[in-house]
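Student: My structure is in query-v4.cif, and what it holds is mmCIF, N, CA and C atoms:
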data_run
#
loop_
_atom_site.label_atom_id
_atom_site.label_comp_id
_atom_site.auth_asym_id
_atom_site.auth_seq_id
_atom_site.Cartn_x
_atom_site.Cartn_y
_atom_site.Cartn_z
N MET A 14 -1.12 36.64 1.01
CA MET A 14 -1.88 35.48 0.54
C MET A 14 -0.90 34.39 0.12
N ASP A 15 -1.18 33.20 0.53
CA ASP A 15 -0.34 32.06 0.18
C ASP A 15 -0.88 31.41 -1.09
N TRP A 16 -0.18 31.62 -2.19
CA TRP A 16 -0.67 31.10 -3.48
C TRP A 16 -0.65 29.58 -3.54
N GLY A 17 0.25 28.95 -2.81
CA GLY A 17 0.30 27.49 -2.80
C GLY A 17 -0.97 26.91 -2.20
N LEU A 18 -1.35 27.42 -1.03
CA LEU A 18 -2.56 26.92 -0.38
C LEU A 18 -3.82 27.32 -1.14
N SER A 19 -3.81 28.51 -1.72
CA SER A 19 -4.96 28.93 -2.54
C SER A 19 -5.10 28.03 -3.76
N GLY A 20 -3.97 27.71 -4.37
CA GLY A 20 -4.01 26.79 -5.51
C GLY A 20 -4.48 25.41 -5.12
N LEU A 21 -4.05 24.96 -3.95
CA LEU A 21 -4.49 23.65 -3.47
C LEU A 21 -6.00 23.65 -3.23
N PHE A 22 -6.51 24.69 -2.57
CA PHE A 22 -7.95 24.77 -2.33
C PHE A 22 -8.70 24.77 -3.66
N GLY A 23 -8.23 25.60 -4.61
CA GLY A 23 -8.89 25.68 -5.91
C GLY A 23 -8.86 24.37 -6.67
N SER A 24 -7.72 23.70 -6.66
CA SER A 24 -7.64 22.43 -7.39
C SER A 24 -8.50 21.36 -6.72
N ALA A 25 -8.54 21.36 -5.39
CA ALA A 25 -9.38 20.40 -4.67
C ALA A 25 -10.86 20.68 -4.92
N PHE A 26 -11.21 21.96 -4.93
CA PHE A 26 -12.59 22.36 -5.20
C PHE A 26 -13.02 21.90 -6.59
N LEU A 27 -12.23 22.24 -7.59
CA LEU A 27 -12.57 21.89 -8.97
C LEU A 27 -12.52 20.38 -9.22
N ALA A 28 -11.63 19.69 -8.52
CA ALA A 28 -11.53 18.23 -8.69
C ALA A 28 -12.79 17.54 -8.18
N ALA A 29 -13.54 18.18 -7.30
CA ALA A 29 -14.77 17.59 -6.78
C ALA A 29 -15.95 17.79 -7.73
N THR A 30 -15.74 18.57 -8.77
CA THR A 30 -16.79 18.75 -9.77
C THR A 30 -16.54 17.75 -10.89
N VAL A 31 -17.24 17.92 -11.99
CA VAL A 31 -17.07 16.97 -13.09
C VAL A 31 -15.80 17.23 -13.90
N LEU A 32 -15.04 18.25 -13.55
CA LEU A 32 -13.79 18.52 -14.26
C LEU A 32 -12.74 17.47 -13.90
N PRO A 33 -12.02 16.98 -14.88
CA PRO A 33 -11.02 15.93 -14.61
C PRO A 33 -9.71 16.51 -14.10
N LEU A 34 -9.69 16.94 -12.86
CA LEU A 34 -8.50 17.51 -12.26
C LEU A 34 -8.01 16.63 -11.11
N SER A 35 -6.73 16.79 -10.77
CA SER A 35 -6.16 16.02 -9.68
C SER A 35 -5.59 16.96 -8.63
N SER A 36 -6.26 17.04 -7.50
CA SER A 36 -5.75 17.86 -6.41
C SER A 36 -4.61 17.15 -5.68
N GLU A 37 -4.55 15.85 -5.80
CA GLU A 37 -3.52 15.08 -5.10
C GLU A 37 -2.12 15.49 -5.56
N ALA A 38 -1.96 15.72 -6.85
CA ALA A 38 -0.65 16.11 -7.38
C ALA A 38 -0.22 17.46 -6.81
N VAL A 39 -1.16 18.40 -6.71
CA VAL A 39 -0.85 19.71 -6.14
C VAL A 39 -0.49 19.57 -4.67
N MET A 40 -1.27 18.80 -3.94
CA MET A 40 -1.03 18.61 -2.51
C MET A 40 0.34 17.96 -2.27
N LEU A 41 0.66 16.95 -3.03
CA LEU A 41 1.93 16.26 -2.83
C LEU A 41 3.12 17.15 -3.24
N ALA A 42 2.95 17.97 -4.27
CA ALA A 42 4.02 18.90 -4.66
C ALA A 42 4.28 19.89 -3.53
N LEU A 43 3.23 20.39 -2.93
CA LEU A 43 3.39 21.31 -1.81
C LEU A 43 4.01 20.61 -0.60
N PHE A 44 3.61 19.38 -0.37
CA PHE A 44 4.15 18.61 0.75
C PHE A 44 5.66 18.42 0.58
N TYR A 45 6.06 18.02 -0.62
CA TYR A 45 7.48 17.77 -0.87
C TYR A 45 8.30 19.05 -0.99
N SER A 46 7.65 20.18 -1.16
CA SER A 46 8.39 21.45 -1.19
C SER A 46 8.96 21.78 0.19
N GLY A 47 8.38 21.18 1.22
CA GLY A 47 8.87 21.37 2.57
C GLY A 47 8.39 22.63 3.26
N GLY A 48 7.61 23.44 2.59
CA GLY A 48 7.18 24.69 3.18
C GLY A 48 5.83 24.65 3.85
N TYR A 49 5.25 23.48 3.93
CA TYR A 49 3.89 23.40 4.46
C TYR A 49 3.77 22.29 5.48
N ASP A 50 2.96 22.55 6.47
CA ASP A 50 2.65 21.58 7.51
C ASP A 50 1.66 20.55 6.97
N LEU A 51 1.84 19.30 7.37
CA LEU A 51 0.98 18.20 6.92
C LEU A 51 -0.48 18.49 7.22
N TRP A 52 -0.78 18.95 8.42
CA TRP A 52 -2.17 19.19 8.81
C TRP A 52 -2.77 20.37 8.07
N GLN A 53 -1.93 21.34 7.75
CA GLN A 53 -2.39 22.49 6.98
C GLN A 53 -2.80 22.03 5.57
N LEU A 54 -1.98 21.23 4.95
CA LEU A 54 -2.31 20.71 3.62
C LEU A 54 -3.56 19.85 3.66
N TRP A 55 -3.65 18.99 4.68
CA TRP A 55 -4.83 18.13 4.82
C TRP A 55 -6.09 18.98 4.96
N GLY A 56 -6.06 19.99 5.81
CA GLY A 56 -7.24 20.82 6.05
C GLY A 56 -7.68 21.60 4.83
N VAL A 57 -6.73 22.18 4.12
CA VAL A 57 -7.08 22.98 2.95
C VAL A 57 -7.61 22.09 1.83
N ALA A 58 -6.95 20.97 1.58
CA ALA A 58 -7.39 20.05 0.52
C ALA A 58 -8.77 19.48 0.85
N THR A 59 -8.97 19.07 2.09
CA THR A 59 -10.26 18.52 2.49
C THR A 59 -11.36 19.56 2.37
N ALA A 60 -11.10 20.77 2.87
CA ALA A 60 -12.11 21.84 2.80
C ALA A 60 -12.47 22.17 1.36
N GLY A 61 -11.49 22.27 0.50
CA GLY A 61 -11.77 22.57 -0.90
C GLY A 61 -12.56 21.47 -1.58
N ASN A 62 -12.20 20.23 -1.32
CA ASN A 62 -12.88 19.11 -1.96
C ASN A 62 -14.31 18.94 -1.45
N VAL A 63 -14.51 19.12 -0.17
CA VAL A 63 -15.87 19.04 0.38
C VAL A 63 -16.72 20.20 -0.14
N ALA A 64 -16.15 21.39 -0.23
CA ALA A 64 -16.89 22.54 -0.76
C ALA A 64 -17.31 22.30 -2.21
N GLY A 65 -16.43 21.72 -3.01
CA GLY A 65 -16.78 21.39 -4.39
C GLY A 65 -17.91 20.38 -4.46
N SER A 66 -17.89 19.42 -3.55
CA SER A 66 -18.95 18.42 -3.49
C SER A 66 -20.28 19.05 -3.09
N MET A 67 -20.21 20.07 -2.25
CA MET A 67 -21.43 20.77 -1.84
C MET A 67 -22.07 21.50 -3.03
N VAL A 68 -21.26 21.97 -3.96
CA VAL A 68 -21.79 22.57 -5.18
C VAL A 68 -22.56 21.50 -5.96
N ASN A 69 -21.99 20.30 -6.08
CA ASN A 69 -22.69 19.21 -6.76
C ASN A 69 -24.02 18.91 -6.07
N TRP A 70 -24.00 18.86 -4.74
CA TRP A 70 -25.22 18.60 -3.96
C TRP A 70 -26.28 19.65 -4.27
N TYR A 71 -25.86 20.91 -4.28
CA TYR A 71 -26.79 21.99 -4.57
C TYR A 71 -27.35 21.87 -5.98
N LEU A 72 -26.50 21.62 -6.96
CA LEU A 72 -26.95 21.49 -8.35
C LEU A 72 -27.91 20.32 -8.51
N GLY A 73 -27.64 19.23 -7.80
CA GLY A 73 -28.55 18.09 -7.85
C GLY A 73 -29.94 18.45 -7.36
N GLY A 74 -30.01 19.16 -6.26
CA GLY A 74 -31.30 19.58 -5.72
C GLY A 74 -31.98 20.61 -6.60
N TYR A 75 -31.19 21.49 -7.19
CA TYR A 75 -31.74 22.55 -8.03
C TYR A 75 -32.33 22.00 -9.34
N CYS A 76 -31.68 21.04 -9.92
CA CYS A 76 -32.11 20.57 -11.25
C CYS A 76 -33.44 19.83 -11.20
N LEU A 77 -33.85 19.36 -10.04
CA LEU A 77 -35.14 18.66 -9.94
C LEU A 77 -36.32 19.57 -10.29
N ARG A 78 -36.13 20.86 -10.18
CA ARG A 78 -37.20 21.79 -10.54
C ARG A 78 -37.64 21.62 -11.98
N TYR A 79 -36.76 21.13 -12.80
CA TYR A 79 -37.02 21.07 -14.23
C TYR A 79 -37.39 19.68 -14.73
N ARG A 80 -37.61 18.76 -13.82
CA ARG A 80 -37.85 17.38 -14.25
C ARG A 80 -39.12 17.20 -15.07
N ASP A 81 -40.07 18.11 -14.99
CA ASP A 81 -41.30 17.98 -15.75
C ASP A 81 -41.24 18.67 -17.11
N HIS A 82 -40.11 19.25 -17.45
CA HIS A 82 -39.94 19.89 -18.75
C HIS A 82 -39.55 18.84 -19.80
N LYS A 83 -39.98 19.05 -21.00
CA LYS A 83 -39.70 18.10 -22.08
C LYS A 83 -38.21 17.92 -22.33
N TRP A 84 -37.44 18.97 -22.18
CA TRP A 84 -36.01 18.92 -22.48
C TRP A 84 -35.19 18.28 -21.37
N PHE A 85 -35.79 18.01 -20.21
CA PHE A 85 -35.05 17.43 -19.10
C PHE A 85 -34.49 16.07 -19.55
N PRO A 86 -33.18 15.84 -19.39
CA PRO A 86 -32.54 14.66 -20.01
C PRO A 86 -32.82 13.32 -19.33
N VAL A 87 -33.53 13.32 -18.20
CA VAL A 87 -33.77 12.08 -17.47
C VAL A 87 -35.27 11.90 -17.30
N THR A 88 -35.76 10.70 -17.59
CA THR A 88 -37.18 10.43 -17.44
C THR A 88 -37.52 10.19 -15.96
N ASN A 89 -38.79 10.27 -15.64
CA ASN A 89 -39.22 9.99 -14.27
C ASN A 89 -38.89 8.55 -13.88
N GLU A 90 -38.96 7.64 -14.84
CA GLU A 90 -38.61 6.24 -14.56
C GLU A 90 -37.13 6.11 -14.22
N GLN A 91 -36.28 6.81 -14.96
CA GLN A 91 -34.84 6.78 -14.68
C GLN A 91 -34.54 7.40 -13.31
N LEU A 92 -35.25 8.47 -12.98
CA LEU A 92 -35.08 9.08 -11.66
C LEU A 92 -35.48 8.10 -10.56
N GLN A 93 -36.57 7.39 -10.78
CA GLN A 93 -37.03 6.41 -9.80
C GLN A 93 -36.01 5.29 -9.63
N THR A 94 -35.42 4.83 -10.74
CA THR A 94 -34.40 3.79 -10.68
C THR A 94 -33.18 4.28 -9.90
N ALA A 95 -32.76 5.52 -10.18
CA ALA A 95 -31.62 6.09 -9.46
C ALA A 95 -31.94 6.23 -7.97
N GLN A 96 -33.15 6.66 -7.67
CA GLN A 96 -33.53 6.81 -6.27
C GLN A 96 -33.55 5.47 -5.56
N ASN A 97 -34.06 4.44 -6.21
CA ASN A 97 -34.09 3.11 -5.61
C ASN A 97 -32.67 2.61 -5.32
N SER A 98 -31.76 2.84 -6.26
CA SER A 98 -30.38 2.42 -6.05
C SER A 98 -29.76 3.19 -4.89
N TYR A 99 -30.00 4.50 -4.84
CA TYR A 99 -29.44 5.32 -3.78
C TYR A 99 -30.00 4.89 -2.42
N LEU A 100 -31.30 4.63 -2.40
CA LEU A 100 -31.91 4.19 -1.14
C LEU A 100 -31.43 2.79 -0.73
N LYS A 101 -31.16 1.96 -1.72
CA LYS A 101 -30.68 0.60 -1.43
C LYS A 101 -29.32 0.65 -0.73
N TRP A 102 -28.44 1.47 -1.25
CA TRP A 102 -27.09 1.55 -0.69
C TRP A 102 -27.02 2.54 0.46
N GLY A 103 -27.99 3.43 0.51
CA GLY A 103 -28.07 4.35 1.63
C GLY A 103 -27.14 5.54 1.54
N ARG A 104 -27.33 6.43 2.49
CA ARG A 104 -26.52 7.64 2.55
C ARG A 104 -25.05 7.33 2.79
N PHE A 105 -24.78 6.18 3.39
CA PHE A 105 -23.39 5.85 3.70
C PHE A 105 -22.56 5.61 2.44
N SER A 106 -23.22 5.50 1.29
CA SER A 106 -22.47 5.42 0.04
C SER A 106 -21.67 6.71 -0.19
N LEU A 107 -22.07 7.80 0.48
CA LEU A 107 -21.33 9.06 0.34
C LEU A 107 -19.92 8.98 0.92
N LEU A 108 -19.66 7.97 1.73
CA LEU A 108 -18.29 7.75 2.20
C LEU A 108 -17.36 7.44 1.03
N LEU A 109 -17.95 7.05 -0.10
CA LEU A 109 -17.17 6.74 -1.31
C LEU A 109 -17.13 7.90 -2.28
N ALA A 110 -17.49 9.09 -1.83
CA ALA A 110 -17.50 10.26 -2.71
C ALA A 110 -16.11 10.60 -3.24
N TRP A 111 -15.08 10.07 -2.65
CA TRP A 111 -13.70 10.32 -3.09
C TRP A 111 -13.29 9.43 -4.26
N VAL A 112 -14.04 8.38 -4.52
CA VAL A 112 -13.66 7.41 -5.55
C VAL A 112 -13.82 8.03 -6.95
N PRO A 113 -12.78 7.95 -7.77
CA PRO A 113 -12.89 8.49 -9.13
C PRO A 113 -14.06 7.87 -9.89
N VAL A 114 -14.63 8.61 -10.77
CA VAL A 114 -15.73 8.26 -11.66
C VAL A 114 -17.08 8.21 -10.93
N ILE A 115 -17.19 7.53 -9.80
CA ILE A 115 -18.50 7.41 -9.14
C ILE A 115 -18.74 8.49 -8.07
N GLY A 116 -17.68 9.10 -7.55
CA GLY A 116 -17.82 10.03 -6.44
C GLY A 116 -18.60 11.28 -6.78
N ASP A 117 -18.28 11.92 -7.89
CA ASP A 117 -18.97 13.16 -8.25
C ASP A 117 -20.45 12.92 -8.54
N PRO A 118 -20.81 11.90 -9.30
CA PRO A 118 -22.24 11.63 -9.48
C PRO A 118 -22.95 11.30 -8.16
N LEU A 119 -22.27 10.64 -7.25
CA LEU A 119 -22.89 10.34 -5.95
C LEU A 119 -23.29 11.62 -5.23
N THR A 120 -22.41 12.61 -5.25
CA THR A 120 -22.72 13.85 -4.55
C THR A 120 -23.86 14.61 -5.23
N PHE A 121 -23.93 14.51 -6.54
CA PHE A 121 -25.03 15.11 -7.29
C PHE A 121 -26.35 14.42 -6.95
N VAL A 122 -26.33 13.10 -6.94
CA VAL A 122 -27.54 12.32 -6.64
C VAL A 122 -28.01 12.57 -5.21
N ALA A 123 -27.06 12.77 -4.29
CA ALA A 123 -27.45 13.07 -2.91
C ALA A 123 -28.25 14.37 -2.85
N GLY A 124 -27.88 15.35 -3.65
CA GLY A 124 -28.66 16.57 -3.71
C GLY A 124 -29.99 16.36 -4.39
N LEU A 125 -29.98 15.55 -5.42
CA LEU A 125 -31.20 15.23 -6.16
C LEU A 125 -32.26 14.64 -5.23
N PHE A 126 -31.83 13.77 -4.34
CA PHE A 126 -32.77 13.10 -3.45
C PHE A 126 -32.80 13.71 -2.06
N ARG A 127 -32.32 14.95 -1.99
CA ARG A 127 -32.46 15.79 -0.80
C ARG A 127 -31.88 15.19 0.49
N THR A 128 -30.71 14.62 0.37
CA THR A 128 -30.00 14.19 1.57
C THR A 128 -29.76 15.44 2.41
N PRO A 129 -30.08 15.42 3.69
CA PRO A 129 -29.86 16.61 4.51
C PRO A 129 -28.39 17.08 4.43
N LEU A 130 -28.21 18.39 4.31
CA LEU A 130 -26.87 18.94 4.10
C LEU A 130 -25.90 18.56 5.21
N LEU A 131 -26.33 18.55 6.44
CA LEU A 131 -25.43 18.21 7.54
C LEU A 131 -24.95 16.76 7.43
N VAL A 132 -25.86 15.85 7.14
CA VAL A 132 -25.50 14.43 6.96
C VAL A 132 -24.57 14.29 5.76
N PHE A 133 -24.93 14.94 4.67
CA PHE A 133 -24.11 14.91 3.46
C PHE A 133 -22.69 15.39 3.75
N THR A 134 -22.59 16.55 4.38
CA THR A 134 -21.28 17.16 4.64
C THR A 134 -20.43 16.27 5.55
N LEU A 135 -21.04 15.72 6.58
CA LEU A 135 -20.30 14.86 7.51
C LEU A 135 -19.75 13.62 6.80
N LEU A 136 -20.59 12.94 6.04
CA LEU A 136 -20.15 11.72 5.36
C LEU A 136 -19.10 12.00 4.28
N VAL A 137 -19.31 13.06 3.52
CA VAL A 137 -18.34 13.42 2.48
C VAL A 137 -17.01 13.85 3.12
N PHE A 138 -17.09 14.59 4.22
CA PHE A 138 -15.88 15.02 4.93
C PHE A 138 -15.09 13.81 5.42
N ILE A 139 -15.77 12.83 5.98
CA ILE A 139 -15.08 11.63 6.48
C ILE A 139 -14.39 10.90 5.32
N GLY A 140 -15.11 10.71 4.23
CA GLY A 140 -14.54 9.98 3.09
C GLY A 140 -13.39 10.72 2.43
N LYS A 141 -13.60 11.97 2.11
CA LYS A 141 -12.57 12.74 1.40
C LYS A 141 -11.40 13.09 2.32
N GLY A 142 -11.71 13.46 3.56
CA GLY A 142 -10.64 13.74 4.52
C GLY A 142 -9.80 12.51 4.79
N GLY A 143 -10.46 11.36 4.87
CA GLY A 143 -9.74 10.10 5.07
C GLY A 143 -8.80 9.79 3.92
N ARG A 144 -9.25 10.04 2.72
CA ARG A 144 -8.41 9.79 1.54
C ARG A 144 -7.16 10.67 1.58
N TYR A 145 -7.33 11.97 1.83
CA TYR A 145 -6.18 12.87 1.89
C TYR A 145 -5.24 12.49 3.04
N PHE A 146 -5.80 12.09 4.17
CA PHE A 146 -4.99 11.69 5.30
C PHE A 146 -4.11 10.48 4.94
N VAL A 147 -4.72 9.47 4.35
CA VAL A 147 -3.97 8.26 3.98
C VAL A 147 -2.89 8.61 2.96
N LEU A 148 -3.21 9.44 2.01
CA LEU A 148 -2.23 9.84 1.00
C LEU A 148 -1.04 10.56 1.62
N LEU A 149 -1.30 11.51 2.49
CA LEU A 149 -0.21 12.22 3.15
C LEU A 149 0.58 11.31 4.08
N TRP A 150 -0.09 10.42 4.76
CA TRP A 150 0.57 9.48 5.66
C TRP A 150 1.51 8.57 4.88
N LEU A 151 1.04 8.10 3.72
CA LEU A 151 1.90 7.22 2.89
C LEU A 151 3.11 7.97 2.35
N MET A 152 2.97 9.25 2.10
CA MET A 152 4.06 10.03 1.53
C MET A 152 5.05 10.54 2.57
N SER A 153 4.65 10.55 3.84
CA SER A 153 5.55 11.11 4.85
C SER A 153 6.50 10.08 5.42
#
Translate this file's structure into structure tokens.
Tutor:
Amino acid sequence: MDWGLSGLFGSAFLAATVLPLSSEAVMLALFYSGGYDLWQLWGVATAGNVAGSMVNWYLGGYCLRYRDHKWFPVTNEQLQTAQNSYLKWGRFSLLLAWVPVIGDPLTFVAGLFRTPLLVFTLLVFIGKGGRYFVLLWLMS
């Protein structure tokens, strides 16, 4: 088992959740260690980050079951406002899922409003994979 790649996958996965982690630092450390292929690092980081975003998507869809409970932290009006904003900007806003602060909530909202998983995965993959590609390209 390659602990470097496992650590990269784990850090990329967790960085896609609400935890304030940076997978970029792990990826770049592995890149500069010289023991890893650029495409290998790109693939593992992208896969981990997209997988973490898929957890957000799932949680977003799951939490809607509880929207009619008194303790649910969001009102129906707030949900409607969020849905209107999401529909205004469209599913293509998921291309920005890599952006700090807004990316993780975007993936959660996509699940909340039942964006089809295939569309979600493709758009998030393009955005997050593109970010890792540009980062590795700039560093090489």
Student: Smallest atom-to-atom distance to Gly17 in chain A: which of A:Arg80, A:Leu34, A:Tyr71, A:Gly48, using only C-alpha atoms?
Tutor: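 Of all the options, A:Gly48 lies closest to Gly17 in chain A.
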Student: Which residues of range 49-135 of chain A sit at most 7 Å from range 139-149 of chain A, using all atoms listed in the file? Give each one's shortest atom pair and distance in Å (one decimal place), in chain and ascending residue order, as a tab-separated table.
Tutor:
residue	atom	partner	partner_atom	distance
A:Trp55	CA	A:Tyr145	C	5.9
A:Thr59	CA	A:Gly142	CA	5.2
A:Val63	N	A:Lys141	CA	6.9
A:Leu107	C	A:Gly140	CA	5.9
A:Leu108	C	A:Gly140	CA	4.3
A:Leu109	N	A:Gly140	CA	5.5
A:Ala110	N	A:Gly140	CA	5.8
A:Trp111	CA	A:Lys141	CA	5.2
A:Thr134	C	A:Ile139	N	5.8
A:Leu135	C	A:Ile139	N	4.1
Student: If you count only N, CA and C atoms, which residues fall within 6 Å of Asn62 in chain A, apart from same-chain ones fewer than 5 positions away, as a short mmCIF file (atom, residue, chain, number, x, y, z; two decimals) with N, CA and C atoms, in the coordinates of the input?
Tutor:
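around_23.cif was written with the following content:
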data_model
loop_
_atom_site.label_atom_id
_atom_site.label_comp_id
_atom_site.auth_asym_id
_atom_site.auth_seq_id
_atom_site.Cartn_x
_atom_site.Cartn_y
_atom_site.Cartn_z
N ALA A 25 -8.54 21.36 -5.39
CA ALA A 25 -9.38 20.40 -4.67
C ALA A 25 -10.86 20.68 -4.92
N PHE A 26 -11.21 21.96 -4.93
CA PHE A 26 -12.59 22.36 -5.20
C PHE A 26 -13.02 21.90 -6.59
N ALA A 29 -13.54 18.18 -7.30
CA ALA A 29 -14.77 17.59 -6.78
C ALA A 29 -15.95 17.79 -7.73
N VAL A 57 -6.73 22.18 4.12
CA VAL A 57 -7.08 22.98 2.95
C VAL A 57 -7.61 22.09 1.83
#
Student: CA of Ser153 in chain A and CA of Leu51 in chain A are how many Å apart?
Tutor: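 Taking CA of Ser153 in chain A and CA of Leu51 in chain A, their separation equals 8.7 Å.
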Student: So how many Å separate CA of Gln91 in chain A and CA of Val112 in chain A, to one decimal?
Tutor: 23.1 Å
Student: For a test of reading the model, state the distance in Å between CA of Phe133 in chain A and CA of Ala64 in chain A, rounded to one decimal.
Tutor: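 Separation between CA of Phe133 in chain A and CA of Ala64 in chain A: 11.3 Å.
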Student: My list of candidates is A:Asn69, A:Ser98, A:Gly23, A:Met40. Which is closest to Pro118 in chain A when distances are computed with all atoms listed in the file?
Tutor: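 Closest to Pro118 in chain A of all the choices is A:Asn69.
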Student: Counting only C-alpha atoms, what is within 7 Å of Thr30 in chain A, bar same-chain residues fewer than 6 positions away, as a PDB file with N, CA and C atoms, in the frame of the given file?
Tutor:
ATOM      1  N   GLY A  65     -16.430  21.720  -3.010  1.00  0.00           N
ATOM      2  CA  GLY A  65     -16.780  21.390  -4.390  1.00  0.00           C
ATOM      3  C   GLY A  65     -17.910  20.380  -4.460  1.00  0.00           C
ATOM      4  N   SER A  66     -17.890  19.420  -3.550  1.00  0.00           N
ATOM      5  CA  SER A  66     -18.950  18.420  -3.490  1.00  0.00           C
ATOM      6  C   SER A  66     -20.280  19.050  -3.090  1.00  0.00           C
ATOM      7  N   ASN A  69     -21.990  20.300  -6.080  1.00  0.00           N
ATOM      8  CA  ASN A  69     -22.690  19.210  -6.760  1.00  0.00           C
ATOM      9  C   ASN A  69     -24.020  18.910  -6.070  1.00  0.00           C
ATOM     10  N   ASP A 117     -18.280  11.920  -7.890  1.00  0.00           N
ATOM     11  CA  ASP A 117     -18.970  13.160  -8.250  1.00  0.00           C
ATOM     12  C   ASP A 117     -20.450  12.920  -8.540  1.00  0.00           C
TER      13      ASP A 117
END
Student: Which one of A:Phe121, A:Trp16, A:Trp52, A:Tyr45 sits closest to Gln96 in chain A if you count only C-alpha atoms?
Tutor: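 Of the candidates, the smallest distance to Gln96 in chain A is held by A:Phe121.
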Student: Of the candidates A:Val122, A:Gln53, A:Phe105, A:Phe22, which one gets nearest to Leu136 in chain A if we count all atoms listed in the file?
Tutor: A:Phe105
